[in-house]
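Coordinates as given in final-v9.tsv (TSV, C-alpha atoms):
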chain	number	residue	atom	x	y	z
A	1125	MET	CA	241.43	57.92	45.26
A	1126	PRO	CA	243.24	57.41	48.60
A	1127	SER	CA	241.34	55.77	51.44
A	1128	PRO	CA	240.30	57.79	54.51
A	1129	VAL	CA	242.95	56.04	56.57
A	1130	SER	CA	245.71	57.00	54.12
A	1131	ALA	CA	244.53	60.61	53.99
A	1132	ARG	CA	244.52	60.73	57.78
A	1133	ARG	CA	248.10	59.40	57.90
A	1134	ILE	CA	249.23	62.01	55.35
A	1135	GLY	CA	247.61	64.72	57.51
A	1136	GLU	CA	249.35	63.37	60.61
A	1137	TRP	CA	252.73	63.46	58.85
A	1138	ALA	CA	252.04	67.03	57.70
A	1139	LEU	CA	251.21	68.04	61.27
A	1140	ARG	CA	254.40	66.35	62.51
A	1141	VAL	CA	256.56	68.19	59.93
A	1142	LEU	CA	254.88	71.47	60.88
A	1143	SER	CA	255.51	70.79	64.58
A	1144	ILE	CA	259.20	70.03	63.95
A	1145	ALA	CA	259.60	73.20	61.81
A	1146	LEU	CA	257.96	75.39	64.46
A	1147	LEU	CA	260.13	73.83	67.17
A	1148	VAL	CA	263.28	74.58	65.14
A	1149	VAL	CA	262.26	78.21	64.65
A	1150	ILE	CA	261.45	78.65	68.35
A	1151	LEU	CA	264.77	77.09	69.37
A	1152	MET	CA	266.67	79.36	66.93
A	1153	ARG	CA	264.99	82.41	68.41
A	1154	ALA	CA	265.78	81.25	71.92
A	1155	TRP	CA	269.40	80.72	70.89
A	1156	SER	CA	269.57	84.23	69.30
A	1157	PRO	CA	267.90	86.59	71.82
A	1158	SER	CA	268.63	89.75	69.80
A	1159	ARG	CA	266.25	88.42	67.12
A	1160	ALA	CA	263.54	87.30	69.48
A	1161	ILE	CA	261.59	90.53	69.18
A	1162	ALA	CA	260.28	90.82	65.63
A	1163	ARG	CA	258.49	94.14	65.79
A	1164	SER	CA	259.23	97.38	63.94
A	1165	GLU	CA	258.43	100.89	65.10
A	1166	THR	CA	257.97	104.00	62.94
A	1167	VAL	CA	258.58	107.15	64.94
A	1168	THR	CA	258.05	110.74	63.81
A	1169	GLU	CA	260.39	113.50	64.94
A	1170	GLY	CA	257.67	115.09	67.06
A	1171	SER	CA	256.93	111.89	68.98
A	1172	ALA	CA	260.55	110.77	69.43
A	1173	ALA	CA	261.06	112.46	72.80
A	1174	LYS	CA	257.97	110.78	74.29
A	1175	LEU	CA	258.62	107.33	72.80
A	1176	LEU	CA	262.36	107.02	73.41
A	1177	PRO	CA	262.04	105.82	77.04
A	1178	ALA	CA	259.51	103.16	76.04
A	1179	LEU	CA	261.58	102.08	73.04
A	1180	SER	CA	264.62	101.75	75.27
A	1181	MET	CA	262.69	99.35	77.54
A	1182	ARG	CA	261.07	97.30	74.76
A	1183	GLY	CA	264.15	97.08	72.52
A	1184	PRO	CA	262.33	96.48	69.20
A	1185	ALA	CA	264.16	94.74	66.38
A	1186	ARG	CA	263.95	97.82	64.19
A	1187	ILE	CA	263.17	101.52	64.58
A	1188	HIS	CA	262.50	103.74	61.57
A	1189	ILE	CA	262.37	107.47	62.29
A	1190	VAL	CA	260.59	109.86	59.92
A	1191	VAL	CA	261.75	113.44	60.50
A	1192	ASP	CA	260.61	116.79	59.13
A	1193	SER	CA	263.43	118.70	60.82
A	1194	VAL	CA	266.78	117.97	62.41
A	1195	ILE	CA	266.60	115.79	65.53
A	1196	PRO	CA	268.00	117.60	68.62
A	1197	PRO	CA	271.48	116.45	69.73
A	1198	VAL	CA	270.23	114.81	72.95
A	1199	GLN	CA	267.75	112.66	71.02
A	1200	ARG	CA	270.47	111.77	68.49
A	1201	ASP	CA	272.66	110.46	71.31
A	1202	TRP	CA	269.76	108.47	72.75
A	1203	ILE	CA	268.79	106.92	69.40
A	1204	GLY	CA	272.44	106.12	68.69
A	1205	ALA	CA	272.67	104.32	72.04
A	1206	ILE	CA	269.56	102.25	71.18
A	1207	GLY	CA	271.21	101.33	67.87
A	1208	ARG	CA	274.39	100.21	69.61
A	1209	SER	CA	272.35	97.94	71.90
A	1210	GLY	CA	271.28	95.73	68.97
A	1211	THR	CA	268.25	97.50	67.47
A	1212	VAL	CA	268.48	98.33	63.76
A	1213	VAL	CA	267.86	102.09	63.43
A	1214	THR	CA	267.03	103.79	60.13
A	1215	TRP	CA	265.77	107.28	59.38
A	1216	SER	CA	264.41	109.27	56.49
A	1217	GLY	CA	263.72	112.93	55.90
A	1218	PRO	CA	263.99	114.34	52.36
A	1219	ARG	CA	263.88	117.95	53.59
A	1220	ILE	CA	266.98	117.58	55.78
A	1221	ALA	CA	269.76	119.46	53.95
A	1222	ALA	CA	273.47	118.96	54.53
A	1223	THR	CA	274.33	122.24	56.25
A	1224	ALA	CA	277.31	123.23	58.39
A	1225	ALA	CA	278.43	126.55	59.86
A	1226	THR	CA	281.33	128.04	61.79
A	1227	LEU	CA	281.78	131.51	63.26
A	1228	SER	CA	285.25	133.06	63.64
A	1229	ARG	CA	286.15	136.36	65.23
A	1230	ILE	CA	288.14	138.64	62.92
A	1231	ALA	CA	291.04	140.63	64.33
A	1232	ASP	CA	289.05	143.84	64.08
A	1233	PRO	CA	288.20	146.08	67.08
A	1234	ALA	CA	284.85	146.84	65.45
A	1235	GLY	CA	283.72	143.40	66.64
A	1236	VAL	CA	283.20	141.74	63.26
A	1237	SER	CA	282.89	137.95	62.99
A	1238	GLU	CA	283.09	135.87	59.84
A	1239	LEU	CA	280.39	133.29	59.20
A	1240	SER	CA	281.40	130.43	56.91
A	1241	ALA	CA	278.70	127.92	55.97
A	1242	SER	CA	278.19	124.95	53.69
A	1243	VAL	CA	274.73	125.10	52.09
A	1244	PRO	CA	273.38	123.19	49.05
A	1245	VAL	CA	273.38	125.14	45.80
A	1246	GLY	CA	270.02	126.67	44.89
A	1247	SER	CA	268.64	126.76	48.42
A	1248	VAL	CA	267.74	129.89	50.35
A	1249	ALA	CA	269.93	130.28	53.43
A	1250	ILE	CA	268.44	132.28	56.31
A	1251	VAL	CA	271.04	133.68	58.69
A	1252	ARG	CA	269.80	134.42	62.20
A	1253	ASP	CA	270.94	134.79	65.78
A	1254	HIS	CA	269.01	134.13	68.99
A	1255	VAL	CA	267.16	137.44	68.58
A	1256	GLY	CA	265.92	137.20	65.01
A	1257	VAL	CA	266.72	137.04	61.30
A	1258	ILE	CA	269.89	138.82	60.15
A	1259	ASP	CA	269.81	138.17	56.42
A	1260	SER	CA	268.75	135.73	53.72
A	1261	VAL	CA	270.85	134.63	50.75
A	1262	THR	CA	270.13	132.47	47.71
A	1263	ILE	CA	273.08	130.14	47.27
A	1264	SER	CA	274.42	130.22	43.71
A	1265	GLN	CA	277.63	128.34	44.45
A	1266	ASN	CA	278.88	125.99	47.12
A	1267	GLY	CA	279.36	127.76	50.40
A	1268	LEU	CA	278.48	131.03	52.06
A	1269	ARG	CA	280.78	133.55	53.71
A	1270	ILE	CA	279.61	136.83	55.21
A	1271	ASP	CA	280.80	139.28	57.86
A	1272	ILE	CA	278.50	139.83	60.82
A	1273	PRO	CA	279.13	142.87	63.05
A	1274	GLY	CA	278.78	142.35	66.78
A	1275	ALA	CA	278.21	138.58	66.68
A	1276	GLY	CA	279.00	137.82	70.30
A	1277	THR	CA	276.68	134.81	70.48
A	1278	GLY	CA	275.95	131.87	68.21
A	1279	VAL	CA	274.60	132.31	64.69
A	1280	GLY	CA	272.36	129.89	62.83
A	1281	VAL	CA	272.10	129.12	59.11
A	1282	ALA	CA	268.78	127.56	58.08
A	1283	ALA	CA	268.23	125.80	54.75
A	1284	GLY	CA	265.15	123.68	54.20
A	1285	ALA	CA	264.43	121.82	57.44
A	1286	SER	CA	268.03	122.03	58.69
A	1287	THR	CA	269.50	124.70	60.93
A	1288	ALA	CA	273.22	124.65	61.69
A	1289	TRP	CA	274.09	126.67	64.82
A	1290	ALA	CA	277.66	127.92	64.95
A	1291	ALA	CA	279.09	128.36	68.43
A	1292	ALA	CA	279.96	131.78	69.82
A	1293	PRO	CA	283.38	132.87	68.55
A	1294	ASP	CA	286.49	133.11	70.69
A	1295	SER	CA	287.46	136.47	72.15
A	1296	LEU	CA	290.62	138.19	70.94
A	1297	VAL	CA	293.27	140.22	72.72
A	1298	PHE	CA	293.89	143.36	70.66
A	1299	LYS	CA	297.30	144.92	70.76
A	1300	ARG	CA	298.40	148.17	69.12
A	1301	LEU	CA	299.37	149.05	65.54
A	1302	LEU	CA	302.62	150.73	64.53
A	1303	ILE	CA	302.30	152.93	61.42
A	1304	GLU	CA	305.21	154.76	59.84
A	1305	GLY	CA	305.52	156.90	56.71
A	1306	SER	CA	306.29	160.32	55.33
A	1307	ALA	CA	303.93	163.27	55.78
A	1308	GLY	CA	301.25	163.00	53.12
A	1309	TRP	CA	297.71	161.98	52.39
A	1310	GLU	CA	298.47	158.24	52.42
A	1311	THR	CA	299.97	158.27	55.92
A	1312	LYS	CA	297.34	160.69	57.23
A	1313	PHE	CA	294.33	158.70	56.03
A	1314	THR	CA	295.82	155.30	56.89
A	1315	ILE	CA	296.21	156.44	60.50
A	1316	ALA	CA	292.76	158.06	60.49
A	1317	ALA	CA	290.94	155.04	59.00
A	1318	LEU	CA	292.41	152.51	61.44
A	1319	ALA	CA	291.95	154.79	64.45
A	1320	GLU	CA	288.31	155.30	63.46
A	1321	ARG	CA	287.95	151.54	63.28
A	1322	GLY	CA	288.98	151.24	66.93
A	1323	TRP	CA	292.66	150.35	66.71
A	1324	LYS	CA	295.06	151.95	69.20
A	1325	ILE	CA	297.80	153.56	67.15
A	1326	ASP	CA	301.49	154.31	67.60
A	1327	ALA	CA	302.54	156.39	64.60
A	1328	ILE	CA	305.62	158.11	63.22
A	1329	THR	CA	305.15	160.71	60.48
A	1330	HIS	CA	308.36	161.97	58.88
A	1331	VAL	CA	307.88	165.67	58.11
A	1332	ALA	CA	311.46	166.50	57.09
A	1333	PRO	CA	314.96	165.07	57.62
A	1334	GLY	CA	315.40	164.79	61.37
A	1335	ILE	CA	311.88	166.08	62.06
A	1336	ASP	CA	309.19	163.59	63.03
A	1337	VAL	CA	305.69	163.80	64.44
A	1338	ARG	CA	305.00	160.98	66.87
A	1339	GLU	CA	301.66	159.70	68.10
A	1340	GLY	CA	301.54	157.39	71.12
A	1341	ALA	CA	304.87	155.82	72.08
A	1342	PRO	CA	306.37	154.16	68.99
A	1343	ALA	CA	308.85	151.40	69.80
A	1344	SER	CA	310.73	148.66	68.00
A	1345	PRO	CA	308.29	146.08	66.61
A	1346	ASP	CA	307.52	143.32	69.11
A	1347	THR	CA	304.52	140.99	69.43
A	1348	SER	CA	304.23	141.80	73.13
A	1349	ARG	CA	303.12	145.31	72.13
A	1350	TYR	CA	301.98	145.26	68.51
A	1351	ALA	CA	299.48	143.19	66.52
A	1352	ALA	CA	300.72	144.48	63.17
A	1353	ILE	CA	303.08	147.06	61.70
A	1354	ILE	CA	302.37	149.14	58.62
A	1355	ALA	CA	304.97	150.68	56.33
A	1356	VAL	CA	303.35	153.38	54.24
A	1357	ASP	CA	306.47	154.10	52.16
A	1358	SER	CA	310.21	153.60	52.02
A	1359	THR	CA	310.83	156.15	54.84
A	1360	ALA	CA	309.56	153.63	57.44
A	1361	VAL	CA	312.98	153.10	59.01
A	1362	LEU	CA	311.81	151.86	62.43
A	1363	VAL	CA	309.41	149.38	60.84
A	1364	ALA	CA	312.02	148.20	58.35
A	1365	ARG	CA	314.61	147.65	61.07
A	1366	GLY	CA	312.52	145.11	63.01
A	1367	ALA	CA	310.06	143.84	60.38
A	1368	ALA	CA	311.77	140.51	59.58
A	1369	SER	CA	312.09	139.28	63.18
A	1370	PHE	CA	308.65	140.65	64.08
A	1371	VAL	CA	306.93	138.73	61.28
A	1372	LYS	CA	308.85	135.50	61.90
A	1373	SER	CA	307.78	135.58	65.56
A	1374	GLY	CA	304.11	135.75	64.57
A	1375	GLY	CA	303.37	139.43	63.91
A	1376	GLY	CA	301.79	140.90	60.80
A	1377	LEU	CA	303.23	143.33	58.28
A	1378	VAL	CA	301.36	145.49	55.76
A	1379	THR	CA	303.37	147.36	53.14
A	1380	LEU	CA	301.82	149.88	50.78
A	1381	ARG	CA	302.96	150.59	47.23
A	1382	ASP	CA	306.18	152.52	47.90
A	1383	ALA	CA	307.31	150.21	50.73
A	1384	SER	CA	307.51	146.96	48.74
A	1385	GLY	CA	311.17	146.43	49.69
A	1386	ILE	CA	310.48	146.35	53.44
A	1387	GLY	CA	310.08	143.10	55.32
A	1388	PRO	CA	311.29	139.51	55.02
A	1389	ARG	CA	311.90	138.03	51.59
A	1390	THR	CA	309.61	135.17	50.62
A	1391	ASP	CA	309.70	132.91	47.57
A	1392	ALA	CA	305.95	132.45	47.13
A	1393	SER	CA	302.97	134.76	47.40
A	1394	VAL	CA	299.25	134.53	46.74
A	1395	VAL	CA	297.26	137.15	44.85
A	1396	LEU	CA	294.26	138.16	46.98
A	1397	GLU	CA	292.90	140.89	44.73
A	1398	ARG	CA	293.80	142.28	41.32
A	1399	ARG	CA	292.94	145.48	39.49
A	1400	ALA	CA	294.08	146.88	36.20
A	1401	ASP	CA	297.16	148.67	37.56
A	1402	ALA	CA	298.29	146.47	40.48
A	1403	ASP	CA	297.32	143.73	42.91
A	1404	VAL	CA	297.30	142.72	46.59
A	1405	ARG	CA	299.62	139.85	47.51
A	1406	ALA	CA	299.97	137.80	50.69
A	1407	SER	CA	302.84	135.62	51.86
A	1408	ARG	CA	304.08	133.83	54.97
A	1409	ALA	CA	307.37	134.20	56.79
A	1410	GLY	CA	307.94	132.08	59.87
A	1411	ASN	CA	304.83	132.29	62.06
A	1412	GLY	CA	303.63	135.60	60.63
A	1413	ARG	CA	302.09	136.96	57.46
A	1414	VAL	CA	302.85	139.81	55.08
A	1415	ILE	CA	300.47	141.64	52.75
A	1416	HIS	CA	301.68	144.04	50.09
A	1417	VAL	CA	299.10	146.46	48.67
A	1418	GLY	CA	300.32	147.57	45.26
A	1419	TYR	CA	297.59	150.15	44.56
A	1420	LYS	CA	298.74	153.71	43.97
A	1421	ASP	CA	297.26	156.50	46.11
A	1422	LEU	CA	295.01	154.23	48.12
A	1423	TRP	CA	293.75	157.27	50.03
A	1424	ARG	CA	291.89	158.49	46.91
A	1425	TYR	CA	289.28	155.76	47.41
A	1426	ARG	CA	288.25	157.68	50.50
A	1427	MET	CA	287.45	160.65	48.27
A	1428	SER	CA	285.69	158.63	45.56
A	1429	ASP	CA	282.69	160.16	43.79
A	1430	ASP	CA	281.51	156.79	42.47
A	1431	ASP	CA	277.73	156.65	42.92
A	1432	SER	CA	277.89	152.86	43.40
A	1433	VAL	CA	279.74	153.43	46.69
A	1434	PRO	CA	277.28	155.12	49.09
A	1435	ASP	CA	279.91	155.90	51.76
A	1436	PRO	CA	283.47	155.94	50.37
A	1437	VAL	CA	284.96	156.87	53.75
A	1438	ALA	CA	283.40	153.81	55.41
A	1439	ALA	CA	284.36	151.63	52.43
A	1440	HIS	CA	288.02	152.74	52.62
A	1441	ARG	CA	288.04	152.19	56.39
A	1442	ALA	CA	286.48	148.71	56.16
A	1443	TRP	CA	288.76	147.59	53.30
A	1444	LEU	CA	291.94	148.69	55.07
A	1445	ALA	CA	290.77	147.17	58.36
A	1446	ARG	CA	290.19	143.81	56.64
A	1447	VAL	CA	293.71	143.90	55.22
A	1448	VAL	CA	295.16	144.50	58.68
A	1449	ALA	CA	292.91	141.82	60.20
A	1450	SER	CA	294.30	139.28	57.73
A	1451	VAL	CA	297.79	139.57	59.20
A	1452	ALA	CA	297.30	140.89	62.76
A	1453	TYR	CA	298.57	138.91	65.72
A	1454	ALA	CA	295.64	138.64	68.15
A	1455	PRO	CA	295.84	135.92	70.85
A	1456	ARG	CA	292.56	134.06	71.35
A	1457	ILE	CA	290.66	133.44	74.56
A	1458	ALA	CA	288.48	130.36	74.13
A	1459	ALA	CA	284.77	131.00	74.47
A	1460	ARG	CA	282.87	129.02	77.08
A	1461	LEU	CA	281.12	125.89	75.90
A	1462	ASP	CA	277.90	126.71	74.06
A	1463	SER	CA	275.26	124.06	74.79
A	1464	LEU	CA	273.11	125.30	71.89
A	1465	ALA	CA	275.86	124.88	69.30
A	1466	ASP	CA	275.07	122.37	66.54
A	1467	PRO	CA	277.48	123.27	63.72
A	1468	ALA	CA	276.86	120.27	61.42
A	1469	PRO	CA	273.50	118.63	62.27
A	1470	PHE	CA	273.16	116.45	59.16
A	1471	ALA	CA	276.70	115.06	59.43
A	1472	ASP	CA	276.19	114.46	63.15
A	1473	MET	CA	272.96	112.54	62.50
A	1474	VAL	CA	274.74	110.33	59.97
A	1475	ASP	CA	277.60	109.77	62.39
A	1476	ARG	CA	275.39	108.84	65.35
A	1477	ILE	CA	272.42	107.13	63.68
A	1478	GLY	CA	273.59	106.12	60.21
A	1479	ALA	CA	273.04	107.18	56.62
A	1480	ARG	CA	269.64	108.44	55.56
A	1481	SER	CA	267.42	105.79	53.95
A	1482	ALA	CA	264.51	106.31	51.57
A	1483	SER	CA	262.13	103.95	53.38
A	1484	LEU	CA	261.87	101.41	56.15
A	1485	GLY	CA	263.67	98.87	53.99
A	1486	ALA	CA	263.58	95.09	53.82
A	1487	GLU	CA	263.73	93.01	56.94
A	1488	SER	CA	265.06	89.52	57.47
A	1489	PRO	CA	262.47	86.68	57.66
A	1490	LEU	CA	263.14	86.10	61.33
A	1491	ARG	CA	262.27	89.70	62.09
A	1492	THR	CA	258.99	89.70	60.11
A	1493	GLU	CA	257.57	86.42	61.52
A	1494	VAL	CA	254.78	86.34	64.05
A	1495	PRO	CA	255.78	86.45	67.75
A	1496	SER	CA	257.25	83.30	69.32
A	1497	SER	CA	254.28	82.99	71.69
A	1498	VAL	CA	251.96	82.55	68.70
A	1499	LEU	CA	254.32	80.01	67.15
A	1500	PHE	CA	254.36	78.05	70.42
A	1501	GLY	CA	250.56	78.03	70.47
A	1502	VAL	CA	250.41	76.70	66.90
A	1503	LEU	CA	252.98	74.06	67.84
A	1504	LEU	CA	250.78	72.82	70.74
A	1505	ILE	CA	247.69	72.71	68.53
A	1506	SER	CA	249.59	70.77	65.85
A	1507	LEU	CA	250.82	68.20	68.37
A	1508	LEU	CA	247.36	67.83	69.91
A	1509	LEU	CA	245.72	67.36	66.50
A	1510	GLU	CA	248.26	64.70	65.50
A	1511	LEU	CA	247.86	62.90	68.84
A	1512	ALA	CA	244.04	63.02	68.63
A	1513	SER	CA	244.06	61.70	65.06
A	1514	ARG	CA	246.29	58.79	65.97
A	1515	ARG	CA	244.15	57.89	69.02
A	1516	LEU	CA	240.95	58.00	67.03
A	1517	ARG	CA	242.26	55.49	64.49
A	1518	GLY	CA	243.68	53.27	67.24
A	1519	ALA	CA	247.38	53.96	66.65
A	1520	ARG	CA	249.90	54.89	69.31

Mind turning this structure into structure tokens?
Amino acid sequence: MPSPVSARRIGEWALRVLSIALLVVILMRAWSPSRAIARSETVTEGSAAKLLPALSMRGPARIHIVVDSVIPPVQRDWIGAIGRSGTVVTWSGPRIAATAATLSRIADPAGVSELSASVPVGSVAIVRDHVGVIDSVTISQNGLRIDIPGAGTGVGVAAGASTAWAAAPDSLVFKRLLIEGSAGWETKFTIAALAERGWKIDAITHVAPGIDVREGAPASPDTSRYAAIIAVDSTAVLVARGAASFVKSGGGLVTLRDASGIGPRTDASVVLERRADADVRASRAGNGRVIHVGYKDLWRYRMSDDDSVPDPVAAHRAWLARVVASVAYAPRIAARLDSLADPAPFADMVDRIGARSASLGAESPLRTEVPSSVLFGVLLISLLLELASRRLRGAR
């Protein structure tokens, strides 16, 4: 059994080793200021706005944010700035879905906009504007695409705790349409459907050789006057004469079944729609686009007695208007900046703050130790105890 003097000496050496270790840790922290603060903060989404100023002043070593809904863009910027100043920022929120949305104006005088959104499969997407809910859709496949009439402001798509707000679409400059064909039901109802939709029409109807009925002031196709030209059949001489140059300069051409030979020749085309007897094909030529509708007697759909189509006239009008909108030349006027737009909130959070984490995560030893002030106090006590012990036994 060691003597009391030996035990005291062992204790003194232990206190000296402890003092040296504490001094090393304190010096390391002084040498690395970014690690001097060893405190972590857990912030909920609701308290973030109130705590951000204080967190900016304190500069904790770590901040973990628990969110139940998407953090507003201003707070994302603020938290990202705190992270760039040296604080480790993590966040978690299992209900935050990866949503994104964009709203594009269709070249349609009826004022239709197309909403395209990315929403996780199996979720319920709620489409709304600043007034209220427009529709709700259960997502069975990746993505969502719907037409929204009169969408002059932003539109939001909510899934889970995420809401992606698409900015207001650009405005379009609508020019006229030039329609040409022989007298018949196809020409008559093509003109009627597009005029009902809101298009301003210049039309030539060939009644007999040398006898035409003109509506508006038909002229040679030019993008300064026309958004698109439509050849109903092979009698569309004026359209055929200028179709190639019109399309290559950016205009749009629609040819119906009997006018397939009109327009620029292209090597490749894409099938947009197919039925038993024919299909609808699209192709590019220069800066413009061409669509050929191969269906026979398209006008008959306007007279359909199919009970599954509640309003065949409206269905024919909308279908034909969408075909024209796909090729029409309509210059855009950029919408003013929408401060409420947040088209991809989840992606923006990852970009500004970092990837989502499941928990607070492990911290380095230096960041989980007690504050340096406490370490300094323990160091003083250790030195005083060693000094007192040595004095009491008569050593220096």

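Across the structure, atom CA of His1440 of chain A and atom CA of Ile1272 of chain A are spaced 18.0 Å apart.
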
Separation of atom CA of Phe1298 of chain A and atom CA of Leu1268 of chain A, in Å? 27.1 Å

Would you be able to write out as an mmCIF file with C-alpha atoms, in the frame of the given file which residues have an atom within 10 Å of (283.0, 153.4, 52.9) in the file's coordinates, counting all atoms listed in the file?
data_model
loop_
_atom_site.group_PDB
_atom_site.id
_atom_site.type_symbol
_atom_site.label_atom_id
_atom_site.label_comp_id
_atom_site.auth_asym_id
_atom_site.auth_seq_id
_atom_site.Cartn_x
_atom_site.Cartn_y
_atom_site.Cartn_z
ATOM 1 C CA TYR A 1425 289.280 155.760 47.410
ATOM 2 C CA ARG A 1426 288.250 157.680 50.500
ATOM 3 C CA MET A 1427 287.450 160.650 48.270
ATOM 4 C CA SER A 1428 285.690 158.630 45.560
ATOM 5 C CA VAL A 1433 279.740 153.430 46.690
ATOM 6 C CA PRO A 1434 277.280 155.120 49.090
ATOM 7 C CA ASP A 1435 279.910 155.900 51.760
ATOM 8 C CA PRO A 1436 283.470 155.940 50.370
ATOM 9 C CA VAL A 1437 284.960 156.870 53.750
ATOM 10 C CA ALA A 1438 283.400 153.810 55.410
ATOM 11 C CA ALA A 1439 284.360 151.630 52.430
ATOM 12 C CA HIS A 1440 288.020 152.740 52.620
ATOM 13 C CA ARG A 1441 288.040 152.190 56.390
ATOM 14 C CA ALA A 1442 286.480 148.710 56.160
ATOM 15 C CA TRP A 1443 288.760 147.590 53.300
#

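The nearest approach to Asp1382 of chain A among the residues A:Thr1262, A:Thr1347, A:Ser1450, A:Ser1306, with all atoms listed in the file taken into account, belongs to A:Ser1306.
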
Show which residues sit within 10 Å of Gly1305 of chain A, as a JSON list (two decimals) with C-alpha atoms, keeping the file's coordinate frame. Count all atoms listed in the file, and ignore same-chain residues fewer than 2 positions away.
[["chain", "number", "residue", "atom", "x", "y", "z"],
["A", 1303, "ILE", "CA", 302.30, 152.93, 61.42],
["A", 1307, "ALA", "CA", 303.93, 163.27, 55.78],
["A", 1308, "GLY", "CA", 301.25, 163.00, 53.12],
["A", 1310, "GLU", "CA", 298.47, 158.24, 52.42],
["A", 1311, "THR", "CA", 299.97, 158.27, 55.92],
["A", 1312, "LYS", "CA", 297.34, 160.69, 57.23],
["A", 1314, "THR", "CA", 295.82, 155.30, 56.89],
["A", 1327, "ALA", "CA", 302.54, 156.39, 64.60],
["A", 1328, "ILE", "CA", 305.62, 158.11, 63.22],
["A", 1329, "THR", "CA", 305.15, 160.71, 60.48],
["A", 1330, "HIS", "CA", 308.36, 161.97, 58.88],
["A", 1331, "VAL", "CA", 307.88, 165.67, 58.11],
["A", 1336, "ASP", "CA", 309.19, 163.59, 63.03],
["A", 1354, "ILE", "CA", 302.37, 149.14, 58.62],
["A", 1355, "ALA", "CA", 304.97, 150.68, 56.33],
["A", 1356, "VAL", "CA", 303.35, 153.38, 54.24],
["A", 1357, "ASP", "CA", 306.47, 154.10, 52.16],
["A", 1358, "SER", "CA", 310.21, 153.60, 52.02],
["A", 1359, "THR", "CA", 310.83, 156.15, 54.84],
["A", 1360, "ALA", "CA", 309.56, 153.63, 57.44],
["A", 1361, "VAL", "CA", 312.98, 153.10, 59.01],
["A", 1362, "LEU", "CA", 311.81, 151.86, 62.43],
["A", 1363, "VAL", "CA", 309.41, 149.38, 60.84],
["A", 1380, "LEU", "CA", 301.82, 149.88, 50.78],
["A", 1382, "ASP", "CA", 306.18, 152.52, 47.90],
["A", 1383, "ALA", "CA", 307.31, 150.21, 50.73]]

Between A:Ala1145, A:Leu1503, A:Val1474, A:Leu1151, single out the one closest to Val1213 of chain A, counting only C-alpha atoms. A:Val1474

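Reported to one decimal place, the separation of atom CA of Arg1140 of chain A from atom CA of Ile1505 of chain A is 11.0 Å.
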
Any chance you could tabulate, as CSV, the residues of segment 1232-1307 of chain A at most 12 Å from segment 1465-1470 of chain A with each one's nearest atom pair and distance in Å to one decimal, using all atoms listed in the file, in chain and rising number order?
residue,atom,partner,partner_atom,distance
A:Leu1239,CA,A:Pro1467,CA,11.4
A:Ser1240,CA,A:Pro1467,CA,10.6
A:Ala1241,CA,A:Pro1467,CA,9.1
A:Ser1242,CA,A:Ala1468,CA,9.1
A:Val1243,CA,A:Ala1468,CA,10.7
A:Asp1253,CA,A:Ala1465,CA,11.6
A:His1254,CA,A:Ala1465,CA,11.5
A:Thr1277,CA,A:Ala1465,CA,10.0
A:Gly1278,CA,A:Ala1465,CA,7.1
A:Val1279,CA,A:Ala1465,CA,8.8
A:Gly1280,CA,A:Pro1467,CA,8.4
A:Val1281,CA,A:Pro1467,CA,9.2
A:Ala1282,CA,A:Pro1469,CA,10.9
A:Ala1283,CA,A:Phe1470,CA,11.5
A:Gly1284,CA,A:Phe1470,CA,11.9
A:Ala1285,CA,A:Phe1470,CA,10.4
A:Ser1286,CA,A:Pro1469,CA,7.4
A:Thr1287,CA,A:Pro1469,CA,7.4
A:Ala1288,CA,A:Pro1467,CA,4.9
A:Trp1289,CA,A:Asp1466,CA,4.7
A:Ala1290,CA,A:Pro1467,CA,4.8
A:Ala1291,CA,A:Ala1465,CA,4.8
A:Ala1292,CA,A:Ala1465,CA,8.0
A:Pro1293,CA,A:Ala1465,CA,11.0

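Residues in contact range of Tyr1419 of chain A, defined as at most 8 Å between only C-alpha atoms, with sequence neighbours fewer than 3 positions away removed, read Leu1380, Arg1381, Asp1401, Ala1402, Asp1403, Val1404 and Leu1422 of chain A.
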
Could you save those same residues with C-alpha atoms as a compact mmCIF listing (two decimals), in the coordinates of the input?
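File written: part.txt
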# COMPACT_ATOMS: atom_id res chain seq x y z
CA LEU A 1380 301.82 149.88 50.78
CA ARG A 1381 302.96 150.59 47.23
CA ASP A 1401 297.16 148.67 37.56
CA ALA A 1402 298.29 146.47 40.48
CA ASP A 1403 297.32 143.73 42.91
CA VAL A 1404 297.30 142.72 46.59
CA LEU A 1422 295.01 154.23 48.12

All residues 12 Å or closer to Pro1177 of chain A, only C-alpha atoms, same chain fewer than 5 positions away omitted, as a PyMOL selection string: chain A and resi 1171-1172+1182-1183+1199+1202-1203+1205-1206

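Nearest to Pro1184 of chain A of all the residues A:Gly1210, A:Gly1375, A:Gly1340, A:Gly1135 is A:Gly1210, counting all atoms listed in the file.
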
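With distances restricted to all atoms listed in the file, A:Ala1234 is the closest residue to Glu1320 of chain A from A:Ala1185, A:Ala1458, A:Ala1234, A:Val1198.
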
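Proximity of A:Leu1296, A:Leu1301, A:Leu1511, A:Val1191 to Ala1319 of chain A, computed with all atoms listed in the file, is greatest for A:Leu1301.
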
Given all atoms listed in the file, how would the per-residue table for segment 1277-1373 of chain A near segment 1405-1410 of chain A read, listing every residue at most 9 Å away with its closest atom pair and distance in Å to one decimal, sorted by chain and number, as a tab-separated table?
residue	atom	partner	partner_atom	distance
A:Ala1368	CA	A:Ala1409	CA	8.2
A:Ser1369	CA	A:Gly1410	CA	8.9
A:Val1371	CA	A:Ala1409	CA	6.4
A:Lys1372	CA	A:Gly1410	CA	4.1
A:Ser1373	CA	A:Gly1410	CA	6.7
